[in-house]
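Notes to accompany the following structure.
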Amino acid sequence: MNYINTPETLPQNVHHGIFSSRLYGRDLGYAIYLPADYETSGKAYPVHYSFHGWQGSELSNIAPMEPVYQQGETIFVFPNASPVLEEKEDLPVEDMFFQEFLPYIEKTYRIQSTARSISGFSMGGGTAVWYAVKHTGMFSEAIAYAGTFHHYYHKDFMTAFVPVERAAELYHGMLQAHWESDRNILAWFDKTPKDAFRLNLYIGTKDPLYCDAQVLHMHLQSLQFPHVYRILEGVDHSLKAMISEIKK
């Protein structure tokens, strides 16, 4: 993992910054999109945090997410953060984000803290939904693009890289097993108010995480938890391809 990834070029209105983490004991890079009128308007803006996937960095989501944030009136922040990293699994990623990074961003930039949303791709998608359900009230919306959720399911059931046709079997098996509820995202949704935040799940039919998403969708259906679940025909594990299909 590179803690700071200096970009060669950046899209219009996207900037690269460096943030000092006491918990990590080092500096971390981040990227941020500021709306075109940010420097002159004097107003505060909604903020959206976009989390990268496995082995990604603060630069990973900038290009594929450009059709989403450009021309918009929302500040997009791209942290360099992942909850699972090779040889770095002891990093306090969640504490760093909520105790240090998020307050730093929202003090440094003119942000409406009451209009805060979160998204992510792959592992970042799982992170986004996990943070939204665990920290109820922090985010008005959570979006997962091909979210990796099996880290937050029962440890004895693997739902990634298996056919989506097995989703019901695996889901019902989880329901009959003992849950470690403090870490299980399904158990967290059981106790989350249905109006806590808007939830959008996107998954491609050729994505190896299709079953991952289907299990969460089935549980949300059983709870009648409002959410958008959109299956993208023919799309594989690619954020660029997903955004392109969604924007059609």
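Each chain of the structure tokens is named A, B, ... in the order shown, its residues numbered from 1; ligands are numbered from 1 in display order.
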
Near range 113-132 of chain A, 10 Å: range 13-78 of chain A residue rows, closest pairs, only C-alpha atoms, as JSON lines:
```
{"residue": "A:Ala44", "atom": "CA", "partner": "A:Ser113", "partner_atom": "CA", "distance": 9.2}
{"residue": "A:Tyr45", "atom": "CA", "partner": "A:Ala115", "partner_atom": "CA", "distance": 8.0}
{"residue": "A:Pro46", "atom": "CA", "partner": "A:Ala115", "partner_atom": "CA", "distance": 4.9}
{"residue": "A:Val47", "atom": "CA", "partner": "A:Arg116", "partner_atom": "CA", "distance": 5.0}
{"residue": "A:His48", "atom": "CA", "partner": "A:Ser117", "partner_atom": "CA", "distance": 4.7}
{"residue": "A:Tyr49", "atom": "CA", "partner": "A:Ile118", "partner_atom": "CA", "distance": 4.7}
{"residue": "A:Ser50", "atom": "CA", "partner": "A:Ser119", "partner_atom": "CA", "distance": 4.9}
{"residue": "A:Phe51", "atom": "CA", "partner": "A:Gly120", "partner_atom": "CA", "distance": 4.3}
{"residue": "A:His52", "atom": "CA", "partner": "A:Gly124", "partner_atom": "CA", "distance": 4.9}
{"residue": "A:Gly53", "atom": "CA", "partner": "A:Met123", "partner_atom": "CA", "distance": 4.7}
{"residue": "A:Trp54", "atom": "CA", "partner": "A:Met123", "partner_atom": "CA", "distance": 5.8}
{"residue": "A:Gln55", "atom": "CA", "partner": "A:Met123", "partner_atom": "CA", "distance": 9.4}
{"residue": "A:Gly56", "atom": "CA", "partner": "A:Gly124", "partner_atom": "CA", "distance": 9.3}
{"residue": "A:Ser60", "atom": "CA", "partner": "A:Phe121", "partner_atom": "CA", "distance": 9.7}
{"residue": "A:Asn61", "atom": "CA", "partner": "A:Phe121", "partner_atom": "CA", "distance": 8.0}
{"residue": "A:Thr74", "atom": "CA", "partner": "A:Ala115", "partner_atom": "CA", "distance": 9.3}
{"residue": "A:Ile75", "atom": "CA", "partner": "A:Arg116", "partner_atom": "CA", "distance": 9.7}
{"residue": "A:Phe76", "atom": "CA", "partner": "A:Ile118", "partner_atom": "CA", "distance": 9.4}
{"residue": "A:Val77", "atom": "CA", "partner": "A:Ile118", "partner_atom": "CA", "distance": 9.4}
{"residue": "A:Phe78", "atom": "CA", "partner": "A:Gly120", "partner_atom": "CA", "distance": 9.6}
```

Please report, as a ChimeraX atom specification, each residue of range 26-174 of chain A to which DSSP assigns helix (DSSP H, G or I) when run on this structure's backbone.
/A:38-41,66-69,93-108,123-134,150-152,164-174

Which value, in Å to one decimal, gives the distance between CA of Phe101 in chain A and CA of His135 in chain A?
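Pair CA of Phe101 in chain A / CA of His135 in chain A returns 15.3 Å.
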
Determine the nearest neighbour of Lys155 in chain A from the options A:Trp179, A:Tyr171, A:Phe225, A:Tyr109, counting only C-alpha atoms.
A:Trp179

Need the shell around His150 in chain A: protein/DNA/RNA residues with any atom at most 9 Å away, counting only C-alpha atoms. Skip same-chain ones fewer than 4 positions apart. Format as a PyMOL selection string?
chain A and resi 126+154-155+157-160+209+212

Would you put the residues from that selection into a file with C-alpha atoms, as a PDB file, in the first residue's frame?
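Contents of again.pdb, as written:
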```pdb
ATOM      1  CA  GLY A 126     -19.192  -3.110   1.330  1.00  0.00           C
ATOM      2  CA  HIS A 154     -21.434 -15.280   8.810  1.00  0.00           C
ATOM      3  CA  LYS A 155     -17.817 -16.450   8.624  1.00  0.00           C
ATOM      4  CA  PHE A 157     -20.594 -19.051   4.502  1.00  0.00           C
ATOM      5  CA  MET A 158     -18.760 -17.895   1.378  1.00  0.00           C
ATOM      6  CA  THR A 159     -20.961 -15.954  -1.029  1.00  0.00           C
ATOM      7  CA  ALA A 160     -18.294 -14.590  -3.380  1.00  0.00           C
ATOM      8  CA  LEU A 209     -19.929 -10.854  -6.368  1.00  0.00           C
ATOM      9  CA  ASP A 212     -22.851 -11.491  -2.444  1.00  0.00           C
TER      10      ASP A 212
END
```

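Of the residues listed (A:Gln99, A:Ser41, A:Thr108, A:Thr192), A:Thr192 shows the shortest atom-to-atom separation from Thr136 in chain A; distances use only C-alpha atoms.
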
Find the residues near His172 in chain A: any atom within 12 Å, counting only C-alpha atoms, skip ones fewer than 2 places away on the same chain, and give them as a ChimeraX atom specification.
/A:154,157,166-170,174-177,186,215-216,218-219,222

Could you give me the residues within range 12-241 of chain A that DSSP places in strand (DSSP E), as number ranges by chain?
A: 14-21, 26-33, 45-51, 75-79, 111-121, 141-145, 198-204, 228-232

With only C-alpha atoms as the counted atoms, please give the residues lying no more than 6 Å from range 22-34 of chain A, apart from itself and same-chain residues fewer than 2 positions off, as a ChimeraX atom specification.
/A:3-4,13-20,58,75-80

Would you write out those residues with C-alpha atoms, as a short mmCIF file (atom, residue, chain, number, x, y, z; two decimals), in the first residue's frame?
```
data_model
loop_
_atom_site.label_atom_id
_atom_site.label_comp_id
_atom_site.auth_asym_id
_atom_site.auth_seq_id
_atom_site.Cartn_x
_atom_site.Cartn_y
_atom_site.Cartn_z
CA TYR A 3 -0.09 5.92 1.64
CA ILE A 4 0.29 8.87 -0.73
CA ASN A 13 -11.91 20.69 -10.48
CA VAL A 14 -10.35 17.61 -8.86
CA HIS A 15 -7.49 18.23 -6.43
CA HIS A 16 -5.05 16.03 -4.52
CA GLY A 17 -4.36 16.66 -0.85
CA ILE A 18 -2.44 15.22 2.09
CA PHE A 19 -3.90 14.56 5.52
CA SER A 20 -1.93 13.72 8.67
CA GLU A 58 -7.36 7.67 -3.45
CA ILE A 75 -18.23 17.80 -3.09
CA PHE A 76 -16.82 14.32 -3.77
CA VAL A 77 -14.07 13.03 -1.48
CA PHE A 78 -11.88 10.05 -2.35
CA PRO A 79 -10.11 8.68 0.77
CA ASN A 80 -7.11 6.36 0.68
#
```

Long-range neighbours of Lys206 in chain A as a VMD selection string, 12 Å cut-off, only C-alpha atoms, 5 positions minimum in chain
chain A and resid 146 161 to 164 211 231 to 238 241 to 242

Produce a file of the selected residues containing all heavy atoms, as a tab-separated table (two decimals), in the first residue's frame.
```tsv
chain	number	residue	atom	x	y	z
A	146	ALA	N	-21.21	-3.07	-6.94
A	146	ALA	CA	-20.59	-4.40	-6.82
A	146	ALA	C	-19.95	-4.57	-5.44
A	146	ALA	O	-18.80	-4.94	-5.32
A	146	ALA	CB	-19.55	-4.61	-7.92
A	161	PHE	N	-17.78	-15.46	-5.58
A	161	PHE	CA	-17.28	-16.41	-6.56
A	161	PHE	C	-18.06	-17.73	-6.55
A	161	PHE	O	-17.53	-18.79	-6.85
A	161	PHE	CB	-15.78	-16.69	-6.33
A	161	PHE	CG	-14.93	-15.46	-6.51
A	161	PHE	CD1	-14.61	-14.65	-5.42
A	161	PHE	CD2	-14.44	-15.11	-7.76
A	161	PHE	CE1	-13.83	-13.52	-5.58
A	161	PHE	CE2	-13.66	-13.97	-7.93
A	161	PHE	CZ	-13.35	-13.18	-6.83
A	162	VAL	N	-19.33	-17.65	-6.19
A	162	VAL	CA	-20.22	-18.81	-6.29
A	162	VAL	C	-21.43	-18.39	-7.12
A	162	VAL	O	-21.77	-17.21	-7.19
A	162	VAL	CB	-20.67	-19.32	-4.90
A	162	VAL	CG1	-19.47	-19.79	-4.09
A	162	VAL	CG2	-21.45	-18.26	-4.14
A	163	PRO	N	-22.10	-19.33	-7.78
A	163	PRO	CA	-23.25	-18.98	-8.63
A	163	PRO	C	-24.35	-18.29	-7.83
A	163	PRO	O	-24.64	-18.66	-6.69
A	163	PRO	CB	-23.71	-20.34	-9.17
A	163	PRO	CG	-22.53	-21.23	-9.04
A	163	PRO	CD	-21.80	-20.78	-7.82
A	164	VAL	N	-24.98	-17.31	-8.46
A	164	VAL	CA	-26.05	-16.57	-7.78
A	164	VAL	C	-27.22	-17.49	-7.43
A	164	VAL	O	-27.98	-17.21	-6.49
A	164	VAL	CB	-26.52	-15.40	-8.66
A	164	VAL	CG1	-27.26	-15.91	-9.90
A	164	VAL	CG2	-27.37	-14.42	-7.87
A	211	CYS	N	-23.71	-13.10	-6.20
A	211	CYS	CA	-24.34	-13.81	-5.09
A	211	CYS	C	-24.21	-13.02	-3.78
A	211	CYS	O	-25.13	-12.99	-2.96
A	211	CYS	CB	-23.72	-15.19	-4.93
A	211	CYS	SG	-24.51	-16.23	-3.67
A	231	ILE	N	-29.88	-4.79	-11.18
A	231	ILE	CA	-29.01	-5.79	-11.78
A	231	ILE	C	-28.66	-5.33	-13.20
A	231	ILE	O	-29.54	-5.05	-14.02
A	231	ILE	CB	-29.72	-7.16	-11.82
A	231	ILE	CG1	-30.07	-7.61	-10.39
A	231	ILE	CG2	-28.84	-8.20	-12.50
A	231	ILE	CD1	-30.99	-8.82	-10.35
A	232	LEU	N	-27.36	-5.25	-13.46
A	232	LEU	CA	-26.87	-4.72	-14.74
A	232	LEU	C	-26.49	-5.88	-15.66
A	232	LEU	O	-25.49	-6.58	-15.43
A	232	LEU	CB	-25.67	-3.81	-14.49
A	232	LEU	CG	-25.91	-2.69	-13.46
A	232	LEU	CD1	-24.62	-1.91	-13.19
A	232	LEU	CD2	-27.02	-1.76	-13.91
A	233	GLU	N	-27.27	-6.08	-16.68
A	233	GLU	CA	-27.11	-7.23	-17.56
A	233	GLU	C	-25.77	-7.17	-18.31
A	233	GLU	O	-25.44	-6.16	-18.94
A	233	GLU	CB	-28.26	-7.28	-18.57
A	233	GLU	CG	-28.31	-8.56	-19.39
A	233	GLU	CD	-28.59	-9.78	-18.53
A	233	GLU	OE1	-29.38	-9.67	-17.58
A	233	GLU	OE2	-27.99	-10.84	-18.83
A	234	GLY	N	-25.00	-8.26	-18.20
A	234	GLY	CA	-23.75	-8.40	-18.95
A	234	GLY	C	-22.56	-7.65	-18.38
A	234	GLY	O	-21.47	-7.71	-18.97
A	235	VAL	N	-22.71	-6.97	-17.26
A	235	VAL	CA	-21.63	-6.17	-16.69
A	235	VAL	C	-20.81	-7.02	-15.73
A	235	VAL	O	-21.35	-7.76	-14.90
A	235	VAL	CB	-22.18	-4.92	-15.97
A	235	VAL	CG1	-21.06	-4.16	-15.27
A	235	VAL	CG2	-22.90	-4.02	-16.97
A	236	ASP	N	-19.47	-6.90	-15.84
A	236	ASP	CA	-18.59	-7.65	-14.94
A	236	ASP	C	-18.10	-6.73	-13.82
A	236	ASP	O	-18.70	-5.69	-13.55
A	236	ASP	CB	-17.43	-8.28	-15.72
A	236	ASP	CG	-16.60	-7.24	-16.46
A	236	ASP	OD1	-16.78	-6.03	-16.23
A	236	ASP	OD2	-15.75	-7.64	-17.28
A	237	HIS	N	-16.98	-7.11	-13.19
A	237	HIS	CA	-16.51	-6.38	-12.01
A	237	HIS	C	-15.68	-5.17	-12.44
A	237	HIS	O	-14.45	-5.17	-12.36
A	237	HIS	CB	-15.69	-7.33	-11.12
A	237	HIS	CG	-15.52	-6.83	-9.72
A	237	HIS	ND1	-16.57	-6.67	-8.85
A	237	HIS	CD2	-14.40	-6.44	-9.03
A	237	HIS	CE1	-16.12	-6.23	-7.70
A	237	HIS	NE2	-14.82	-6.06	-7.78
A	238	SER	N	-16.38	-4.15	-12.90
A	238	SER	CA	-15.73	-2.95	-13.42
A	238	SER	C	-16.56	-1.74	-13.05
A	238	SER	O	-17.72	-1.63	-13.47
A	238	SER	CB	-15.57	-3.04	-14.95
A	238	SER	OG	-15.31	-1.77	-15.50
A	241	ALA	N	-17.57	0.23	-16.20
A	241	ALA	CA	-18.66	-0.38	-16.95
A	241	ALA	C	-19.99	-0.19	-16.23
A	241	ALA	O	-21.03	0.01	-16.86
A	241	ALA	CB	-18.37	-1.86	-17.16
A	242	MET	N	-19.97	-0.27	-14.91
A	242	MET	CA	-21.19	-0.10	-14.13
A	242	MET	C	-21.76	1.31	-14.30
A	242	MET	O	-22.95	1.50	-14.55
A	242	MET	CB	-20.93	-0.39	-12.66
A	242	MET	CG	-20.51	-1.81	-12.35
A	242	MET	SD	-20.48	-2.15	-10.58
A	242	MET	CE	-22.20	-2.57	-10.31
```

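Closest approach to Val133 in chain A among A:Asp90, A:Asp190, A:Glu245, A:Glu73 is made by A:Asp190 (distances from only C-alpha atoms).
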